[in-house]
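Student: What follows is a single structure, and I will ask about it in a moment.
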Amino acid sequence: MKKPAALILSILFIVAALPAQKAGISVPLRFDHYYSLEQVYEALQALQKAYPALTTLEIVGKSEEGRPLYAMTVNNPKTGPALSKPAVYVDGNMHGNEIQGGEISLYLLDYLLGSYGRNEEITKLVDATCFYVVPVVNVDGRHHFFADANTSSSNRGLRIPTDDDHDGLVDEDFPDDLDGDGNICMMRVRDPFGAYKTDPEDARLMVLVKPGEKGEWTLLGEEGLDNDGDGRVNEDAEGYVDPNRNWGFDWAPPYVQSGSGEYPFSGTGTKALAAWIMARPNICIGWSFHNFGGMYLRGPSRKGLGEYPAQDVAVLDYIGKQAERIMPGYRYLVSWKDLYTTYGDSIEWLTHTTGAYAYVPEVFQAVSESFRGASERPESGEAAGEGMMAMLSSGISERERLKFSDNLAQGELFKPWKAFEHPTYGAIEIGGWVKMSSRLGAPFTIKDLVHRNAMTVIFSAKHVPDVTLEVIGVKAVGRNLFRVRTRLSNDRAIPTVSAVAQKLDIHPEDMLKVSGPGAKVVAGGLLTDPYRDQVVLKKHRPELQFVVVPGFGKVEHEFLVEGKGTVTVRYESRWAADASKTVELK
């Protein structure tokens, strides 16, 4: 009887060790596939159910099509309310097709919550810091990206009906999945005068013909029909309002900025999200995850805005350069200077409206789909090419990507060309790169991408301001007068108020207050040289000092107090935790 029992136990052990099925959402989450919008919702609800003491799940608002926009707050209420702590904001999937931000957001949540109480560093971080995470901003876009046929670059905008082709109709001529495979691929037709010929190295690809060569193919564009009978194909899909050009700072009309919409915050979801963010003034750093390029971008988003103050650039550089180390191959860049100019984007709004520091990570690298041996790789520092597209592609050719698909994804990233009888074009062929390719890493690469990018967020969270209040001296100076000296120190990179916030008077500075039942502050100010007793006195209300505690720095104050008994020194801040000390005048 012992053998069957042992066999049963062995079987149970093996079954227990098997991974959970993709169809079910469990905690901890799996990151070996991309989650549909409905699965993102299920994952958030599962996390909230598993960690009710540390999480709050709420609906920020609803999209144009009525889908809820969820935000999860991670905070330990036993160590204080969320608004009493410095906060990190994270969002993803601003564009409907840029889905990796949703995965990074879920991974960050799963990692923080699953590590709490088990990992000392994460436990301390969650106890002291609040995290606001919005995995999917463009909820309609993510839903339709999974549910409908798309290319890897389509379905970016909000579902605001728009007459793109000015024919009096709206959204009447989407691309059509002619062969029913769930992808919008390319159409081509044989043409001896065409601009392309079959690639001699791989018959699935095409190359441009050289002068004097005979053509073989003409590209007809993406799969589709002339649904409205106007002689054009695929010219009026979902109205193009770009959710990252529709924010209320430095917005520009569509003739200046494509996709900006009729007015700022015309997107119902982005408008609701902005109001939700504004209600959380403790946000001191934000991350908005996009895809393609392998970059950590900071503002300014256009040259005309001018460079940020040097103090803020130093903070952004410190975190941005560390991000490059955490995610090898990514580059820390300035948006307008190193990529392109934008108006009305979310991180510029966050910077200039709330005073927070902000980044846009572009998280997919084309080089991750390289297929080269060590001897075939370019020498360190060798340029892959000039211009933005060369930078984004990292010199990876279609031939190389196809070899990657063949050998690491078993051909799933590219659809071989197949004949199709088109009602307008006649005999054509349909094929090319599928929806889940090109801007989206193969599933086996997801875990590394989400982990490393989540770690950049965690690094930044370790540098939100952490202010220590000290009373460094109480000295009787005669005639019932006492000199009280204080020090506020911050061993983190981020100051308690950004230089942009100070420059634009976005919100008040921190406050340092001295009071006591039997005492009165008769003079006080910034202590600039404690060795020479040099103080910059505040003329009015010296008991109240306005303060900014710099990153990796300190500020000291001196107060002349008349009276007896005890006095309490209180420090209040939007970004740092409040603190107080009580001392006796003696």
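A note on labels: chains of the structure tokens are A, B, ... as shown, every chain counts residues from 1, and ligands are counted from 1 in their shown order.
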I'd like a table as a Markdown table: residues in region 284-336 of chain A with an atom no more than 7 Å from region 88-92 of chain A, each row giving the shortest atom pair and its distance in Å to one decimal, only C-alpha atoms counted, sorted by chain and rising residue number.
Tutor:
| residue | atom | partner | partner_atom | distance |
| --- | --- | --- | --- | --- |
| A:Cys284 | CA | A:Val88 | CA | 6.3 |
| A:Ile285 | CA | A:Val88 | CA | 5.3 |
| A:Gly286 | CA | A:Tyr89 | CA | 4.5 |
| A:Trp287 | CA | A:Val90 | CA | 4.8 |
| A:Ser288 | CA | A:Asp91 | CA | 4.9 |
| A:Phe289 | CA | A:Gly92 | CA | 4.7 |
| A:His290 | CA | A:Gly92 | CA | 6.6 |
Student: Dump C-alpha atoms for the selected residues as a JSON list (two decimals), in the first residue's frame?
Tutor:
[["chain", "number", "residue", "atom", "x", "y", "z"],
["A", 284, "CYS", "CA", 6.47, 64.14, -6.50],
["A", 285, "ILE", "CA", 7.54, 61.91, -9.41],
["A", 286, "GLY", "CA", 5.64, 60.33, -12.29],
["A", 287, "TRP", "CA", 6.29, 57.67, -14.92],
["A", 288, "SER", "CA", 4.15, 57.29, -18.06],
["A", 289, "PHE", "CA", 5.13, 54.09, -19.90],
["A", 290, "HIS", "CA", 4.94, 54.03, -23.71]]
Student: Report the residues of region 120-347 of chain A whose backbone DSSP state falls under alpha helix (DSSP H), written as a short mmCIF file (atom, residue, chain, number, x, y, z; two decimals) with N, CA, C and O atoms, in the first residue's frame.
Tutor:
data_model
loop_
_atom_site.label_atom_id
_atom_site.label_comp_id
_atom_site.auth_asym_id
_atom_site.auth_seq_id
_atom_site.Cartn_x
_atom_site.Cartn_y
_atom_site.Cartn_z
N GLU A 120 12.92 43.20 3.12
CA GLU A 120 13.03 44.32 4.04
C GLU A 120 13.01 45.66 3.32
O GLU A 120 12.38 46.63 3.77
N GLU A 121 13.71 45.75 2.18
CA GLU A 121 13.78 47.00 1.44
C GLU A 121 12.39 47.44 0.95
O GLU A 121 12.01 48.60 1.07
N ILE A 122 11.65 46.49 0.39
CA ILE A 122 10.32 46.81 -0.13
C ILE A 122 9.36 47.13 1.01
O ILE A 122 8.52 48.03 0.90
N THR A 123 9.47 46.42 2.10
CA THR A 123 8.60 46.68 3.25
C THR A 123 8.80 48.10 3.76
O THR A 123 7.83 48.84 4.00
N LYS A 124 10.04 48.51 3.92
CA LYS A 124 10.34 49.87 4.36
C LYS A 124 9.82 50.89 3.36
O LYS A 124 9.28 51.93 3.73
N LEU A 125 9.98 50.58 2.07
CA LEU A 125 9.55 51.51 1.02
C LEU A 125 8.04 51.70 1.04
O LEU A 125 7.54 52.83 0.97
N VAL A 126 7.31 50.61 1.12
CA VAL A 126 5.84 50.69 1.11
C VAL A 126 5.32 51.35 2.38
O VAL A 126 4.33 52.08 2.35
N ASP A 127 6.00 51.14 3.49
CA ASP A 127 5.59 51.79 4.73
C ASP A 127 5.75 53.31 4.68
O ASP A 127 4.98 54.04 5.30
N ALA A 128 6.74 53.77 3.93
CA ALA A 128 7.07 55.20 3.93
C ALA A 128 6.55 55.94 2.71
O ALA A 128 6.57 57.18 2.69
N VAL A 139 -8.38 52.86 -22.07
CA VAL A 139 -9.02 51.55 -21.87
C VAL A 139 -9.74 51.08 -23.12
O VAL A 139 -9.73 49.88 -23.44
N ASP A 140 -10.37 51.99 -23.85
CA ASP A 140 -11.02 51.59 -25.11
C ASP A 140 -9.97 51.08 -26.09
O ASP A 140 -10.18 50.08 -26.78
N GLY A 141 -8.85 51.79 -26.15
CA GLY A 141 -7.79 51.38 -27.08
C GLY A 141 -7.25 50.00 -26.77
O GLY A 141 -7.06 49.19 -27.68
N ARG A 142 -6.98 49.71 -25.50
CA ARG A 142 -6.46 48.38 -25.16
C ARG A 142 -7.50 47.30 -25.49
O ARG A 142 -7.16 46.24 -26.03
N HIS A 143 -8.76 47.57 -25.15
CA HIS A 143 -9.80 46.59 -25.47
C HIS A 143 -9.82 46.28 -26.95
O HIS A 143 -9.80 45.11 -27.35
N HIS A 144 -9.84 47.32 -27.78
CA HIS A 144 -9.95 47.09 -29.22
C HIS A 144 -8.66 46.54 -29.82
O HIS A 144 -8.71 45.85 -30.84
N PHE A 145 -7.52 46.84 -29.21
CA PHE A 145 -6.28 46.28 -29.73
C PHE A 145 -6.31 44.76 -29.64
O PHE A 145 -5.88 44.07 -30.57
N PHE A 146 -6.82 44.23 -28.54
CA PHE A 146 -6.90 42.78 -28.39
C PHE A 146 -8.10 42.20 -29.13
O PHE A 146 -7.99 41.14 -29.76
N ALA A 147 -9.24 42.87 -29.06
CA ALA A 147 -10.47 42.30 -29.60
C ALA A 147 -10.57 42.40 -31.11
O ALA A 147 -11.21 41.55 -31.75
N THR A 268 -12.57 62.16 -22.40
CA THR A 268 -13.24 62.08 -21.08
C THR A 268 -12.37 61.36 -20.05
O THR A 268 -12.34 61.75 -18.88
N GLY A 269 -11.65 60.33 -20.48
CA GLY A 269 -10.80 59.60 -19.55
C GLY A 269 -9.62 60.41 -19.08
O GLY A 269 -9.28 60.43 -17.89
N THR A 270 -8.95 61.11 -20.01
CA THR A 270 -7.79 61.90 -19.63
C THR A 270 -8.20 63.09 -18.76
O THR A 270 -7.47 63.46 -17.83
N LYS A 271 -9.36 63.67 -19.03
CA LYS A 271 -9.84 64.77 -18.19
C LYS A 271 -10.09 64.28 -16.77
O LYS A 271 -9.69 64.94 -15.79
N ALA A 272 -10.73 63.12 -16.63
CA ALA A 272 -10.98 62.57 -15.30
C ALA A 272 -9.68 62.21 -14.59
O ALA A 272 -9.53 62.43 -13.39
N LEU A 273 -8.72 61.68 -15.35
CA LEU A 273 -7.44 61.31 -14.76
C LEU A 273 -6.70 62.54 -14.26
O LEU A 273 -6.10 62.52 -13.17
N ALA A 274 -6.73 63.63 -15.02
CA ALA A 274 -6.05 64.85 -14.60
C ALA A 274 -6.65 65.37 -13.29
O ALA A 274 -5.92 65.79 -12.39
N ALA A 275 -7.97 65.33 -13.18
CA ALA A 275 -8.61 65.79 -11.94
C ALA A 275 -8.22 64.89 -10.77
O ALA A 275 -7.99 65.37 -9.65
N TRP A 276 -8.13 63.59 -11.03
CA TRP A 276 -7.73 62.63 -9.98
C TRP A 276 -6.31 62.90 -9.52
O TRP A 276 -6.01 62.87 -8.31
N ILE A 277 -5.41 63.18 -10.45
CA ILE A 277 -4.02 63.49 -10.10
C ILE A 277 -3.95 64.78 -9.29
O ILE A 277 -3.23 64.86 -8.28
N MET A 278 -4.69 65.80 -9.70
CA MET A 278 -4.64 67.08 -9.01
C MET A 278 -5.12 66.97 -7.56
O MET A 278 -4.74 67.76 -6.71
N ALA A 310 18.41 74.35 -13.38
CA ALA A 310 19.54 73.44 -13.20
C ALA A 310 19.34 72.47 -12.05
O ALA A 310 19.76 71.31 -12.13
N GLN A 311 18.68 72.92 -10.98
CA GLN A 311 18.47 72.04 -9.83
C GLN A 311 17.60 70.84 -10.22
O GLN A 311 17.84 69.71 -9.78
N ASP A 312 16.59 71.10 -11.04
CA ASP A 312 15.71 70.00 -11.47
C ASP A 312 16.40 69.09 -12.47
O ASP A 312 16.20 67.87 -12.45
N VAL A 313 17.20 69.66 -13.35
CA VAL A 313 17.94 68.84 -14.31
C VAL A 313 18.87 67.88 -13.56
O VAL A 313 19.02 66.71 -13.93
N ALA A 314 19.49 68.37 -12.49
CA ALA A 314 20.39 67.51 -11.71
C ALA A 314 19.63 66.32 -11.12
O ALA A 314 20.14 65.19 -11.12
N VAL A 315 18.42 66.54 -10.64
CA VAL A 315 17.60 65.45 -10.10
C VAL A 315 17.22 64.46 -11.20
O VAL A 315 17.37 63.24 -11.05
N LEU A 316 16.73 65.00 -12.31
CA LEU A 316 16.33 64.14 -13.43
C LEU A 316 17.52 63.35 -13.97
O LEU A 316 17.38 62.17 -14.31
N ASP A 317 18.67 63.98 -14.05
CA ASP A 317 19.87 63.29 -14.53
C ASP A 317 20.26 62.15 -13.58
O ASP A 317 20.64 61.07 -14.02
N TYR A 318 20.19 62.41 -12.31
CA TYR A 318 20.60 61.39 -11.32
C TYR A 318 19.75 60.12 -11.48
O TYR A 318 20.28 59.01 -11.54
N ILE A 319 18.45 60.30 -11.58
CA ILE A 319 17.56 59.14 -11.70
C ILE A 319 17.62 58.56 -13.11
O ILE A 319 17.65 57.34 -13.30
N GLY A 320 17.67 59.44 -14.13
CA GLY A 320 17.70 58.96 -15.52
C GLY A 320 18.93 58.15 -15.84
O GLY A 320 18.86 57.13 -16.54
N LYS A 321 20.08 58.56 -15.33
CA LYS A 321 21.32 57.82 -15.61
C LYS A 321 21.34 56.49 -14.88
O LYS A 321 21.89 55.50 -15.38
N GLN A 322 20.73 56.45 -13.70
CA GLN A 322 20.61 55.16 -13.01
C GLN A 322 19.66 54.23 -13.78
O GLN A 322 19.90 53.02 -13.85
N ALA A 323 18.60 54.81 -14.36
CA ALA A 323 17.68 54.00 -15.16
C ALA A 323 18.39 53.33 -16.32
O ALA A 323 18.11 52.19 -16.67
N GLU A 324 19.33 54.05 -16.95
CA GLU A 324 20.11 53.46 -18.03
C GLU A 324 20.89 52.23 -17.55
O GLU A 324 21.04 51.26 -18.29
N ARG A 325 21.38 52.28 -16.33
CA ARG A 325 22.14 51.14 -15.79
C ARG A 325 21.23 49.97 -15.47
O ARG A 325 21.60 48.81 -15.65
N ILE A 326 20.03 50.28 -15.00
CA ILE A 326 19.09 49.20 -14.65
C ILE A 326 18.59 48.50 -15.90
O ILE A 326 18.38 47.29 -15.89
N SER A 346 1.46 64.52 -21.48
CA SER A 346 1.10 64.34 -20.07
C SER A 346 2.21 64.69 -19.11
O SER A 346 1.96 65.25 -18.05
N ILE A 347 3.48 64.36 -19.44
CA ILE A 347 4.52 64.63 -18.45
C ILE A 347 4.85 66.12 -18.36
O ILE A 347 5.24 66.61 -17.31
#
Student: I need the residues in region 410-517 of chain A that are strand (DSSP E or B) according to DSSP; give them as a ChimeraX atom specification.
Tutor: /A:414-422,426-433,467-478,481-490,510-516
Student: Can you pull out every residue within 8 Å of region 37-54 of chain A, counting only C-alpha atoms, but drop anything in the same chain fewer than 6 positions away, and send it as a list in words?
Tutor: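 Once the adjacent positions are removed, what remains is Ile25, Ser26, Val27, Leu29, Tyr70, Met72, Val74, Asn75, Asn76, Pro77, Gly102, Leu106, Asp110, Leu113, Pro135, Val139, Arg142, His143 and Phe146 of chain A.
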Student: How about saving the chosen residues, N, CA and C atoms kept, as a PDB file, in the first residue's frame?
Tutor:
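As a result, again38.pdb now contains:
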ATOM      1  N   ILE A  25      -6.896  34.189 -13.532  1.00  0.00           N
ATOM      2  CA  ILE A  25      -6.056  35.220 -12.942  1.00  0.00           C
ATOM      3  C   ILE A  25      -5.819  34.866 -11.488  1.00  0.00           C
ATOM      4  N   SER A  26      -4.581  34.717 -11.103  1.00  0.00           N
ATOM      5  CA  SER A  26      -4.235  34.427  -9.726  1.00  0.00           C
ATOM      6  C   SER A  26      -3.097  35.337  -9.298  1.00  0.00           C
ATOM      7  N   VAL A  27      -2.859  35.385  -8.021  1.00  0.00           N
ATOM      8  CA  VAL A  27      -1.770  36.180  -7.471  1.00  0.00           C
ATOM      9  C   VAL A  27      -0.793  35.216  -6.812  1.00  0.00           C
ATOM     10  N   LEU A  29       0.891  37.221 -10.162  1.00  0.00           N
ATOM     11  CA  LEU A  29       0.541  37.211 -11.574  1.00  0.00           C
ATOM     12  C   LEU A  29       1.644  36.571 -12.402  1.00  0.00           C
ATOM     13  N   TYR A  70      -9.359  52.396 -14.095  1.00  0.00           N
ATOM     14  CA  TYR A  70      -9.036  52.013 -12.728  1.00  0.00           C
ATOM     15  C   TYR A  70      -7.701  52.579 -12.276  1.00  0.00           C
ATOM     16  N   MET A  72      -5.070  52.021  -8.788  1.00  0.00           N
ATOM     17  CA  MET A  72      -4.813  51.322  -7.525  1.00  0.00           C
ATOM     18  C   MET A  72      -3.817  52.129  -6.711  1.00  0.00           C
ATOM     19  N   VAL A  74      -1.342  51.949  -3.473  1.00  0.00           N
ATOM     20  CA  VAL A  74      -0.646  51.077  -2.530  1.00  0.00           C
ATOM     21  C   VAL A  74      -0.159  51.950  -1.382  1.00  0.00           C
ATOM     22  N   ASN A  75      -0.669  51.682  -0.198  1.00  0.00           N
ATOM     23  CA  ASN A  75      -0.298  52.448   0.987  1.00  0.00           C
ATOM     24  C   ASN A  75      -0.573  51.615   2.224  1.00  0.00           C
ATOM     25  N   ASN A  76       0.306  51.728   3.209  1.00  0.00           N
ATOM     26  CA  ASN A  76       0.083  51.073   4.490  1.00  0.00           C
ATOM     27  C   ASN A  76      -0.560  52.076   5.439  1.00  0.00           C
ATOM     28  N   PRO A  77      -1.861  51.961   5.700  1.00  0.00           N
ATOM     29  CA  PRO A  77      -2.526  52.958   6.546  1.00  0.00           C
ATOM     30  C   PRO A  77      -2.032  52.943   7.987  1.00  0.00           C
ATOM     31  N   GLY A 102       0.913  48.625 -19.438  1.00  0.00           N
ATOM     32  CA  GLY A 102      -0.035  47.927 -18.562  1.00  0.00           C
ATOM     33  C   GLY A 102       0.626  46.782 -17.832  1.00  0.00           C
ATOM     34  N   LEU A 106       1.204  46.392 -13.756  1.00  0.00           N
ATOM     35  CA  LEU A 106       0.748  45.218 -13.000  1.00  0.00           C
ATOM     36  C   LEU A 106       1.913  44.537 -12.302  1.00  0.00           C
ATOM     37  N   ASP A 110       2.265  43.887  -8.342  1.00  0.00           N
ATOM     38  CA  ASP A 110       2.430  42.508  -7.880  1.00  0.00           C
ATOM     39  C   ASP A 110       3.734  42.361  -7.086  1.00  0.00           C
ATOM     40  N   LEU A 113       3.475  44.361  -3.593  1.00  0.00           N
ATOM     41  CA  LEU A 113       2.569  43.716  -2.648  1.00  0.00           C
ATOM     42  C   LEU A 113       3.070  42.332  -2.251  1.00  0.00           C
ATOM     43  N   PRO A 135      -2.808  51.325 -14.573  1.00  0.00           N
ATOM     44  CA  PRO A 135      -2.202  50.464 -15.590  1.00  0.00           C
ATOM     45  C   PRO A 135      -2.598  50.788 -17.022  1.00  0.00           C
ATOM     46  N   VAL A 139      -8.379  52.863 -22.070  1.00  0.00           N
ATOM     47  CA  VAL A 139      -9.020  51.553 -21.866  1.00  0.00           C
ATOM     48  C   VAL A 139      -9.743  51.085 -23.122  1.00  0.00           C
ATOM     49  N   ARG A 142      -6.980  49.708 -25.501  1.00  0.00           N
ATOM     50  CA  ARG A 142      -6.460  48.379 -25.164  1.00  0.00           C
ATOM     51  C   ARG A 142      -7.502  47.302 -25.488  1.00  0.00           C
ATOM     52  N   HIS A 143      -8.759  47.573 -25.151  1.00  0.00           N
ATOM     53  CA  HIS A 143      -9.801  46.594 -25.466  1.00  0.00           C
ATOM     54  C   HIS A 143      -9.818  46.279 -26.951  1.00  0.00           C
ATOM     55  N   PHE A 146      -6.817  44.233 -28.541  1.00  0.00           N
ATOM     56  CA  PHE A 146      -6.897  42.780 -28.392  1.00  0.00           C
ATOM     57  C   PHE A 146      -8.096  42.198 -29.132  1.00  0.00           C
TER      58      PHE A 146
END
Student: Mind giving me the straight-line distance from CA of Arg245 (chain A) to CA of His166 (chain A) in Å, one decimal?
Tutor: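 If I compute the distance from CA of Arg245 (chain A) to CA of His166 (chain A), I get 21.7 Å.
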Student: CA of Arg452 (chain A) to CA of Met327 (chain A): how many Å, to one decimal?
Tutor: 5.8 Å
Student: Could you work out how far CA of Val170 (chain A) lies from CA of Gly344 (chain A), giving the answer in Å with one decimal?
Tutor: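 Separation of CA of Gly344 (chain A) and CA of Val170 (chain A): 24.5 Å.
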Student: Leaving out region 420-434 of chain A and any residue of its chain fewer than 4 positions from it, which residues lie within 7 Å of it when counting only C-alpha atoms, given as a VMD selection string?
Tutor: chain A and resid 151 183 185 to 189 413 to 416
Student: Contacts of Ala237 (chain A) at 7 Å or less, counting only C-alpha atoms, minus same-chain residues fewer than 3 places along, as a compact mmCIF listing (two decimals) with N, CA and C atoms, in the first residue's frame?
Tutor:
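Result written to result-v2.txt:
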# COMPACT_ATOMS: atom_id res chain seq x y z
N ASP A 171 -15.94 57.63 -38.85
CA ASP A 171 -15.39 56.31 -38.53
C ASP A 171 -16.05 55.20 -39.37
N GLU A 172 -16.22 55.47 -40.67
CA GLU A 172 -16.96 54.50 -41.51
C GLU A 172 -16.05 53.63 -42.37
N ASP A 173 -14.73 53.87 -42.32
CA ASP A 173 -13.87 53.10 -43.21
C ASP A 173 -12.61 52.63 -42.47
N PHE A 174 -12.84 51.72 -41.51
CA PHE A 174 -11.73 51.07 -40.81
C PHE A 174 -11.01 50.11 -41.75
N ASN A 234 -9.49 52.54 -46.18
CA ASN A 234 -9.00 52.69 -44.80
C ASN A 234 -8.71 54.13 -44.41
Student: Which residue is closest to Phe444 (chain A)? Choose from A:His463, A:Lys78, A:Glu543, A:Arg30 and count only C-alpha atoms.
Tutor: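 Counting only C-alpha atoms, the residue closest to Phe444 (chain A) is A:Arg30.
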Student: Show which residues sit within 10 Å of Phe193 (chain A), as a list in words. Count only C-alpha atoms, and ignore same-chain residues fewer than 5 positions away.
Tutor: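 Within the cut-off, the hits are Val209, Glu213, Lys214, Gly215, Glu216, Trp217 and Thr218 of chain A.
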Student: Using the selection just defined, write its residues with all heavy atoms as a short mmCIF file (atom, residue, chain, number, x, y, z; two decimals), in the first residue's frame.
Tutor:
data_model
loop_
_atom_site.label_atom_id
_atom_site.label_comp_id
_atom_site.auth_asym_id
_atom_site.auth_seq_id
_atom_site.Cartn_x
_atom_site.Cartn_y
_atom_site.Cartn_z
N VAL A 209 13.48 48.30 -56.00
CA VAL A 209 14.25 48.07 -57.22
C VAL A 209 15.21 49.23 -57.43
O VAL A 209 14.96 50.36 -56.99
CB VAL A 209 13.32 47.92 -58.45
CG1 VAL A 209 12.41 46.72 -58.29
CG2 VAL A 209 12.51 49.19 -58.68
N GLU A 213 16.15 48.48 -63.06
CA GLU A 213 15.66 47.13 -62.78
C GLU A 213 14.16 47.03 -63.02
O GLU A 213 13.43 48.01 -62.89
CB GLU A 213 15.95 46.74 -61.33
CG GLU A 213 17.41 46.46 -61.02
CD GLU A 213 17.60 45.96 -59.61
OE1 GLU A 213 16.81 46.35 -58.71
OE2 GLU A 213 18.55 45.18 -59.39
N LYS A 214 13.72 45.84 -63.33
CA LYS A 214 12.30 45.60 -63.53
C LYS A 214 11.62 45.36 -62.19
O LYS A 214 12.13 44.63 -61.34
CB LYS A 214 12.11 44.38 -64.44
CG LYS A 214 10.66 44.12 -64.83
CD LYS A 214 10.55 42.94 -65.78
CE LYS A 214 9.11 42.69 -66.18
NZ LYS A 214 8.99 41.53 -67.10
N GLY A 215 10.47 45.97 -62.03
CA GLY A 215 9.73 45.80 -60.80
C GLY A 215 8.95 44.49 -60.78
O GLY A 215 8.82 43.80 -61.80
N GLU A 216 8.46 44.15 -59.61
CA GLU A 216 7.70 42.92 -59.45
C GLU A 216 6.44 43.11 -58.63
O GLU A 216 5.44 42.44 -58.85
CB GLU A 216 8.59 41.88 -58.78
CG GLU A 216 8.05 40.46 -58.81
CD GLU A 216 9.03 39.46 -58.22
OE1 GLU A 216 10.17 39.85 -57.90
OE2 GLU A 216 8.64 38.29 -58.08
N TRP A 217 6.48 44.06 -57.68
CA TRP A 217 5.35 44.24 -56.76
C TRP A 217 5.06 45.72 -56.54
O TRP A 217 5.96 46.54 -56.50
CB TRP A 217 5.65 43.61 -55.39
CG TRP A 217 5.97 42.16 -55.41
CD1 TRP A 217 7.22 41.59 -55.34
CD2 TRP A 217 5.04 41.09 -55.52
NE1 TRP A 217 7.11 40.22 -55.38
CE2 TRP A 217 5.78 39.89 -55.49
CE3 TRP A 217 3.65 41.02 -55.64
CZ2 TRP A 217 5.18 38.64 -55.57
CZ3 TRP A 217 3.05 39.77 -55.72
CH2 TRP A 217 3.80 38.60 -55.68
N THR A 218 3.77 46.00 -56.34
CA THR A 218 3.33 47.30 -55.83
C THR A 218 2.61 47.07 -54.51
O THR A 218 1.73 46.19 -54.42
CB THR A 218 2.37 48.00 -56.81
OG1 THR A 218 3.13 48.45 -57.94
CG2 THR A 218 1.70 49.21 -56.16
#
Student: Between A:Leu527, A:Val60, A:Ala409, A:Val241, which is the closest to Thr162 (chain A) once you count only C-alpha atoms?
Tutor: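 Among the listed residues, A:Val241 lies closest to Thr162 (chain A).
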Student: Tell me, as a list of chain:residue names, which residues lie within 10 Å of Asn246 (chain A), counting only C-alpha atoms; anything in the same chain fewer than 3 positions away does not count.
Tutor: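 Counting only the stated atoms, we get A:Val241, A:Asp242, A:Pro243, A:Phe249, A:Asp250, A:Trp251, A:Ala252, A:Pro253, A:Gln257, A:Gly259, A:Ser260, A:Gly261, A:Glu262, A:Tyr263, A:Pro264, A:Phe265, A:Ser266, A:Gly267, A:Thr270, A:Lys271, A:Tyr343, A:Gly344, A:Asp345, A:Ser346.
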Student: Residues of the last selection are to be written out with N, CA and C atoms, as a compact mmCIF listing (two decimals), in the first residue's frame.
Tutor:
# COMPACT_ATOMS: atom_id res chain seq x y z
N VAL A 241 -7.69 61.22 -32.06
CA VAL A 241 -7.35 62.13 -30.97
C VAL A 241 -6.33 61.39 -30.12
N ASP A 242 -5.12 61.93 -30.10
CA ASP A 242 -4.02 61.30 -29.40
C ASP A 242 -4.10 61.65 -27.92
N PRO A 243 -4.27 60.68 -27.02
CA PRO A 243 -4.41 61.01 -25.60
C PRO A 243 -3.16 61.62 -24.99
N PHE A 249 -1.70 71.50 -20.64
CA PHE A 249 -0.58 72.45 -20.62
C PHE A 249 0.10 72.43 -21.98
N ASP A 250 0.35 73.63 -22.52
CA ASP A 250 1.03 73.79 -23.80
C ASP A 250 0.31 73.03 -24.92
N TRP A 251 -1.00 72.96 -24.84
CA TRP A 251 -1.81 72.34 -25.89
C TRP A 251 -1.75 73.21 -27.15
N ALA A 252 -1.82 72.58 -28.31
CA ALA A 252 -1.85 73.30 -29.58
C ALA A 252 -2.92 72.68 -30.48
N PRO A 253 -3.56 73.47 -31.32
CA PRO A 253 -4.62 72.95 -32.19
C PRO A 253 -4.06 71.98 -33.23
N GLN A 257 -0.35 70.62 -33.93
CA GLN A 257 -0.04 69.32 -33.34
C GLN A 257 -1.10 68.30 -33.77
N GLY A 259 -3.48 65.32 -33.91
CA GLY A 259 -4.09 64.47 -32.89
C GLY A 259 -4.43 65.17 -31.60
N SER A 260 -4.30 66.50 -31.55
CA SER A 260 -4.50 67.19 -30.27
C SER A 260 -5.96 67.29 -29.85
N GLY A 261 -6.89 67.08 -30.79
CA GLY A 261 -8.31 67.17 -30.46
C GLY A 261 -8.84 68.58 -30.61
N GLU A 262 -10.15 68.74 -30.40
CA GLU A 262 -10.78 70.04 -30.60
C GLU A 262 -10.41 71.03 -29.50
N TYR A 263 -10.12 70.54 -28.32
CA TYR A 263 -9.74 71.41 -27.21
C TYR A 263 -9.04 70.56 -26.16
N PRO A 264 -8.29 71.16 -25.22
CA PRO A 264 -7.60 70.37 -24.20
C PRO A 264 -8.58 69.55 -23.36
N PHE A 265 -8.18 68.34 -23.06
CA PHE A 265 -8.98 67.43 -22.25
C PHE A 265 -10.35 67.14 -22.87
N SER A 266 -10.39 67.09 -24.21
CA SER A 266 -11.63 66.65 -24.85
C SER A 266 -11.84 65.16 -24.66
N GLY A 267 -10.79 64.43 -24.29
CA GLY A 267 -10.93 63.03 -23.94
C GLY A 267 -11.49 62.89 -22.54
N THR A 270 -8.95 61.11 -20.01
CA THR A 270 -7.79 61.90 -19.63
C THR A 270 -8.20 63.09 -18.76
N LYS A 271 -9.36 63.67 -19.03
CA LYS A 271 -9.84 64.77 -18.19
C LYS A 271 -10.09 64.28 -16.77
N TYR A 343 3.36 68.82 -28.29
CA TYR A 343 2.55 69.77 -27.53
C TYR A 343 1.48 69.00 -26.77
N GLY A 344 1.13 69.48 -25.60
CA GLY A 344 0.00 68.91 -24.86
C GLY A 344 0.22 67.50 -24.36
N ASP A 345 1.47 67.16 -23.98
CA ASP A 345 1.70 65.79 -23.51
C ASP A 345 1.61 65.73 -21.99
N SER A 346 1.46 64.52 -21.48
CA SER A 346 1.10 64.34 -20.07
C SER A 346 2.21 64.69 -19.11
Student: Using only C-alpha atoms, which of A:Asp176, A:Ala579, A:Glu369, A:Thr342 sits nearest Ser258 (chain A)?
Tutor: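 Smallest separation from Ser258 (chain A) among the options: A:Thr342.
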